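Trainee: Here's a structure for you.
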Amino acid sequence: MLSSDLNPPLRLLGAFSVAYPDYTPDKFVHVPSRSMWAAINPEETRGFTLHVPDLDERTTFSLRSAKFKKTVLNRPLPKWARYPAGVLRDLCSTDLALDNMGLVIVGDETRGIRYEYALGIITAAALHIMHNQPYDDDMLNDIVEKVRRDYIDG
């Protein structure tokens, strides 16, 4: 299992304080194989919100809206958010999903499909951490590959 008790980068802490000025992160997630970091705010009340300062983007979706590839405002899900939404949808069947959570994510991945895929990896890791469930790189890759086949390409 990858640790959630690591020293996060300052840019993640800064981005979290901008996204959630009245909160401190509940947990941190680091996926070294993907150079991705996330700070978790379980107090999010509007749905599953992703803040991605590297892309200067933010979106909110729910379990229901993710099934239809829509945001909570019934707009098309942004391309960059498809992997995280697919992960949330797929992990719902395993009781690992949360409908109210905020994630602030930063990473050093190359922008484009590799970064989008890594957003799915860090989302899967965050959901496992929030449920105190073990995981490893292979498990996370399997989850995101299934999302690619069934949700993105399917």
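Residues are named by chain letter and number: chains run A, B, ... in the order of the structure tokens, numbers start at 1 in each chain, and ligands are numbered from 1 in the order shown.
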With 9 Å as the cut-off and only C-alpha atoms counted, what is the closest atom pair between each nearby residue of segment 81-141 of chain A and segment 53-62 of chain A? Distances in Å to one decimal, ordered by chain and number, as a Markdown table.
Mentor:
| residue | atom | partner | partner_atom | distance |
| --- | --- | --- | --- | --- |
| A:Ala81 | CA | A:Thr59 | CA | 7.7 |
| A:Ala85 | CA | A:Phe61 | CA | 7.4 |
| A:Leu88 | CA | A:Ser62 | CA | 8.6 |
| A:Arg89 | CA | A:Ser62 | CA | 8.9 |
| A:Leu98 | CA | A:Ser62 | CA | 8.9 |
| A:Asp99 | CA | A:Ser62 | CA | 5.7 |
| A:Asn100 | CA | A:Ser62 | CA | 7.8 |
| A:Gly102 | CA | A:Thr60 | CA | 8.8 |
| A:Val104 | CA | A:Pro53 | CA | 7.8 |
| A:Ile105 | CA | A:Pro53 | CA | 7.2 |
| A:Val106 | CA | A:Asp54 | CA | 6.1 |
| A:Gly107 | CA | A:Asp54 | CA | 7.3 |
| A:Asp108 | CA | A:Asp54 | CA | 8.8 |
| A:Arg111 | CA | A:Leu55 | CA | 8.3 |
Trainee: Convert the current residue selection to file output with N, CA and C atoms, as a compact mmCIF listing (two decimals), in the first residue's frame.
Mentor:
# COMPACT_ATOMS: atom_id res chain seq x y z
N ALA A 81 -11.71 15.11 -17.02
CA ALA A 81 -12.34 14.54 -15.82
C ALA A 81 -12.97 13.17 -16.06
N ALA A 85 -14.17 10.38 -13.11
CA ALA A 85 -15.60 10.08 -13.05
C ALA A 85 -15.85 8.59 -13.28
N LEU A 88 -14.92 6.72 -10.10
CA LEU A 88 -15.97 6.86 -9.10
C LEU A 88 -17.15 5.94 -9.43
N ARG A 89 -17.56 5.95 -10.68
CA ARG A 89 -18.68 5.10 -11.11
C ARG A 89 -18.38 3.63 -10.89
N LEU A 98 -17.49 7.60 -2.82
CA LEU A 98 -18.02 8.64 -1.95
C LEU A 98 -18.66 9.68 -2.85
N ASP A 99 -19.86 10.10 -2.53
CA ASP A 99 -20.50 11.08 -3.39
C ASP A 99 -20.17 12.51 -2.98
N ASN A 100 -19.62 12.70 -1.80
CA ASN A 100 -19.27 14.04 -1.34
C ASN A 100 -17.82 14.04 -0.89
N GLY A 102 -13.95 16.35 -1.88
CA GLY A 102 -13.18 17.27 -2.71
C GLY A 102 -11.75 16.79 -2.81
N VAL A 104 -7.99 18.02 -4.38
CA VAL A 104 -7.12 18.98 -5.05
C VAL A 104 -5.92 18.15 -5.50
N ILE A 105 -5.65 18.18 -6.81
CA ILE A 105 -4.65 17.29 -7.39
C ILE A 105 -3.59 18.10 -8.13
N VAL A 106 -2.34 17.77 -7.87
CA VAL A 106 -1.23 18.32 -8.63
C VAL A 106 -0.33 17.17 -9.06
N GLY A 107 0.39 17.39 -10.15
CA GLY A 107 1.26 16.33 -10.62
C GLY A 107 2.31 16.85 -11.59
N ASP A 108 3.28 15.99 -11.85
CA ASP A 108 4.36 16.33 -12.77
C ASP A 108 4.28 15.50 -14.05
N ARG A 111 1.17 16.77 -19.83
CA ARG A 111 -0.23 17.10 -20.08
C ARG A 111 -0.75 16.29 -21.25
Trainee: I'd like to know which residues of segment 101-145 of chain A are helix (DSSP H, G or I) (by DSSP, run on the backbone); could you write them as a ChimeraX atom specification?
Mentor: /A:113-130,137-145
Trainee: Could the residues in this selection be written to a file with N, CA and C atoms, as a PDB file, in the first residue's frame?
Mentor:
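Listing of result-v7.pdb after writing:
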ATOM      1  N   ILE A 113      -3.211  12.866 -22.495  1.00  0.00           N
ATOM      2  CA  ILE A 113      -3.813  11.602 -22.088  1.00  0.00           C
ATOM      3  C   ILE A 113      -3.084  10.980 -20.894  1.00  0.00           C
ATOM      4  N   ARG A 114      -1.776  11.121 -20.824  1.00  0.00           N
ATOM      5  CA  ARG A 114      -1.038  10.570 -19.681  1.00  0.00           C
ATOM      6  C   ARG A 114      -1.475  11.241 -18.381  1.00  0.00           C
ATOM      7  N   TYR A 115      -1.652  12.553 -18.411  1.00  0.00           N
ATOM      8  CA  TYR A 115      -2.100  13.281 -17.219  1.00  0.00           C
ATOM      9  C   TYR A 115      -3.525  12.880 -16.854  1.00  0.00           C
ATOM     10  N   GLU A 116      -4.391  12.769 -17.853  1.00  0.00           N
ATOM     11  CA  GLU A 116      -5.783  12.379 -17.610  1.00  0.00           C
ATOM     12  C   GLU A 116      -5.855  10.980 -16.994  1.00  0.00           C
ATOM     13  N   TYR A 117      -5.046  10.058 -17.503  1.00  0.00           N
ATOM     14  CA  TYR A 117      -4.994   8.701 -16.958  1.00  0.00           C
ATOM     15  C   TYR A 117      -4.515   8.743 -15.500  1.00  0.00           C
ATOM     16  N   ALA A 118      -3.505   9.553 -15.243  1.00  0.00           N
ATOM     17  CA  ALA A 118      -2.970   9.686 -13.884  1.00  0.00           C
ATOM     18  C   ALA A 118      -4.008  10.291 -12.931  1.00  0.00           C
ATOM     19  N   LEU A 119      -4.891  11.141 -13.428  1.00  0.00           N
ATOM     20  CA  LEU A 119      -5.983  11.657 -12.595  1.00  0.00           C
ATOM     21  C   LEU A 119      -6.890  10.517 -12.135  1.00  0.00           C
ATOM     22  N   GLY A 120      -7.092   9.534 -12.999  1.00  0.00           N
ATOM     23  CA  GLY A 120      -7.862   8.356 -12.603  1.00  0.00           C
ATOM     24  C   GLY A 120      -7.143   7.546 -11.544  1.00  0.00           C
ATOM     25  N   ILE A 121      -5.826   7.398 -11.699  1.00  0.00           N
ATOM     26  CA  ILE A 121      -5.019   6.646 -10.731  1.00  0.00           C
ATOM     27  C   ILE A 121      -5.095   7.302  -9.343  1.00  0.00           C
ATOM     28  N   ILE A 122      -4.906   8.604  -9.283  1.00  0.00           N
ATOM     29  CA  ILE A 122      -4.900   9.284  -7.985  1.00  0.00           C
ATOM     30  C   ILE A 122      -6.303   9.290  -7.368  1.00  0.00           C
ATOM     31  N   THR A 123      -7.330   9.346  -8.189  1.00  0.00           N
ATOM     32  CA  THR A 123      -8.701   9.272  -7.674  1.00  0.00           C
ATOM     33  C   THR A 123      -8.969   7.908  -7.050  1.00  0.00           C
ATOM     34  N   ALA A 124      -8.549   6.850  -7.728  1.00  0.00           N
ATOM     35  CA  ALA A 124      -8.720   5.496  -7.181  1.00  0.00           C
ATOM     36  C   ALA A 124      -7.955   5.346  -5.871  1.00  0.00           C
ATOM     37  N   ALA A 125      -6.741   5.866  -5.812  1.00  0.00           N
ATOM     38  CA  ALA A 125      -5.952   5.790  -4.579  1.00  0.00           C
ATOM     39  C   ALA A 125      -6.630   6.562  -3.452  1.00  0.00           C
ATOM     40  N   ALA A 126      -7.161   7.746  -3.758  1.00  0.00           N
ATOM     41  CA  ALA A 126      -7.828   8.561  -2.729  1.00  0.00           C
ATOM     42  C   ALA A 126      -9.063   7.852  -2.173  1.00  0.00           C
ATOM     43  N   LEU A 127      -9.835   7.217  -3.036  1.00  0.00           N
ATOM     44  CA  LEU A 127     -11.018   6.500  -2.563  1.00  0.00           C
ATOM     45  C   LEU A 127     -10.630   5.322  -1.681  1.00  0.00           C
ATOM     46  N   HIS A 128      -9.554   4.636  -2.032  1.00  0.00           N
ATOM     47  CA  HIS A 128      -9.071   3.540  -1.176  1.00  0.00           C
ATOM     48  C   HIS A 128      -8.603   4.069   0.180  1.00  0.00           C
ATOM     49  N   ILE A 129      -7.884   5.173   0.169  1.00  0.00           N
ATOM     50  CA  ILE A 129      -7.390   5.752   1.424  1.00  0.00           C
ATOM     51  C   ILE A 129      -8.549   6.188   2.314  1.00  0.00           C
ATOM     52  N   MET A 130      -9.573   6.800   1.732  1.00  0.00           N
ATOM     53  CA  MET A 130     -10.716   7.253   2.526  1.00  0.00           C
ATOM     54  C   MET A 130     -11.474   6.097   3.158  1.00  0.00           C
ATOM     55  N   ASP A 137       0.115  -0.358  -6.945  1.00  0.00           N
ATOM     56  CA  ASP A 137       0.143   0.199  -8.298  1.00  0.00           C
ATOM     57  C   ASP A 137      -0.607  -0.674  -9.294  1.00  0.00           C
ATOM     58  N   ASP A 138      -0.432  -1.992  -9.201  1.00  0.00           N
ATOM     59  CA  ASP A 138      -1.096  -2.890 -10.147  1.00  0.00           C
ATOM     60  C   ASP A 138      -2.613  -2.793 -10.023  1.00  0.00           C
ATOM     61  N   MET A 139      -3.118  -2.751  -8.799  1.00  0.00           N
ATOM     62  CA  MET A 139      -4.554  -2.650  -8.578  1.00  0.00           C
ATOM     63  C   MET A 139      -5.098  -1.342  -9.156  1.00  0.00           C
ATOM     64  N   LEU A 140      -4.392  -0.237  -8.903  1.00  0.00           N
ATOM     65  CA  LEU A 140      -4.836   1.054  -9.425  1.00  0.00           C
ATOM     66  C   LEU A 140      -4.843   1.058 -10.943  1.00  0.00           C
ATOM     67  N   ASN A 141      -3.803   0.488 -11.547  1.00  0.00           N
ATOM     68  CA  ASN A 141      -3.756   0.410 -13.013  1.00  0.00           C
ATOM     69  C   ASN A 141      -4.881  -0.451 -13.561  1.00  0.00           C
ATOM     70  N   ASP A 142      -5.198  -1.545 -12.885  1.00  0.00           N
ATOM     71  CA  ASP A 142      -6.295  -2.404 -13.328  1.00  0.00           C
ATOM     72  C   ASP A 142      -7.624  -1.645 -13.294  1.00  0.00           C
ATOM     73  N   ILE A 143      -7.842  -0.879 -12.246  1.00  0.00           N
ATOM     74  CA  ILE A 143      -9.078  -0.099 -12.125  1.00  0.00           C
ATOM     75  C   ILE A 143      -9.183   0.895 -13.277  1.00  0.00           C
ATOM     76  N   VAL A 144      -8.108   1.627 -13.528  1.00  0.00           N
ATOM     77  CA  VAL A 144      -8.150   2.673 -14.553  1.00  0.00           C
ATOM     78  C   VAL A 144      -8.192   2.066 -15.954  1.00  0.00           C
ATOM     79  N   GLU A 145      -7.564   0.932 -16.147  1.00  0.00           N
ATOM     80  CA  GLU A 145      -7.668   0.252 -17.449  1.00  0.00           C
ATOM     81  C   GLU A 145      -9.098  -0.187 -17.722  1.00  0.00           C
TER      82      GLU A 145
END
Trainee: For Met36 of chain A, which residue among A:Asp150, A:Tyr23, A:Pro9, A:Ser17 is the nearest when counting only C-alpha atoms?
Mentor: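 Closest residue, counting only C-alpha atoms: A:Pro9.
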Trainee: Using only C-alpha atoms, determine which residues lie at most 6 Å from Ala39 of chain A, disregarding the query and same-chain residues fewer than 4 positions distant; provide the list as a PyMOL selection string.
Mentor: chain A and resi 25+27-28+103-104
Trainee: Which of these residues is nearest to Leu50 of chain A, using only C-alpha atoms: A:Arg82, A:Arg75, A:Arg148, A:Lys69?
Mentor: A:Arg82
Trainee: One decimal, Å: what's the distance from atom CA of Leu73 of chain A over to atom CA of Ala38 of chain A, could you say?
Mentor: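 Here the two named atoms are 24.2 Å from each other.
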Trainee: Any idea what the distance is between atom CA of Glu44 of chain A and atom CA of Leu77 of chain A?
Mentor: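 Value for the atom CA of Glu44 of chain A-atom CA of Leu77 of chain A distance: 18.9 Å.
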Trainee: According to DSSP computed on the backbone, where in chain A is there strand (DSSP E)? Give the residues as a list of chain:residue names.
Mentor: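 Here are the strand (DSSP E) residues of chain A: A:Lys27, A:Phe28, A:Val29, A:His30, A:Val31, A:Met36, A:Trp37, A:Ala38, A:Ala39, A:Ile40, A:Asn41, A:Phe48, A:Thr49, A:Leu50, A:His51, A:Val52, A:Glu57, A:Arg58, A:Thr59, A:Thr60, A:Phe61, A:Met101, A:Gly102, A:Leu103, A:Val104, A:Ile105, A:Val106, A:Gly107.
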Trainee: Measuring atom to atom with only C-alpha atoms, identify which of A:Leu13, A:Val87, A:Ala19, A:Val29 is nearest to Thr49 of chain A.
Mentor: A:Ala19
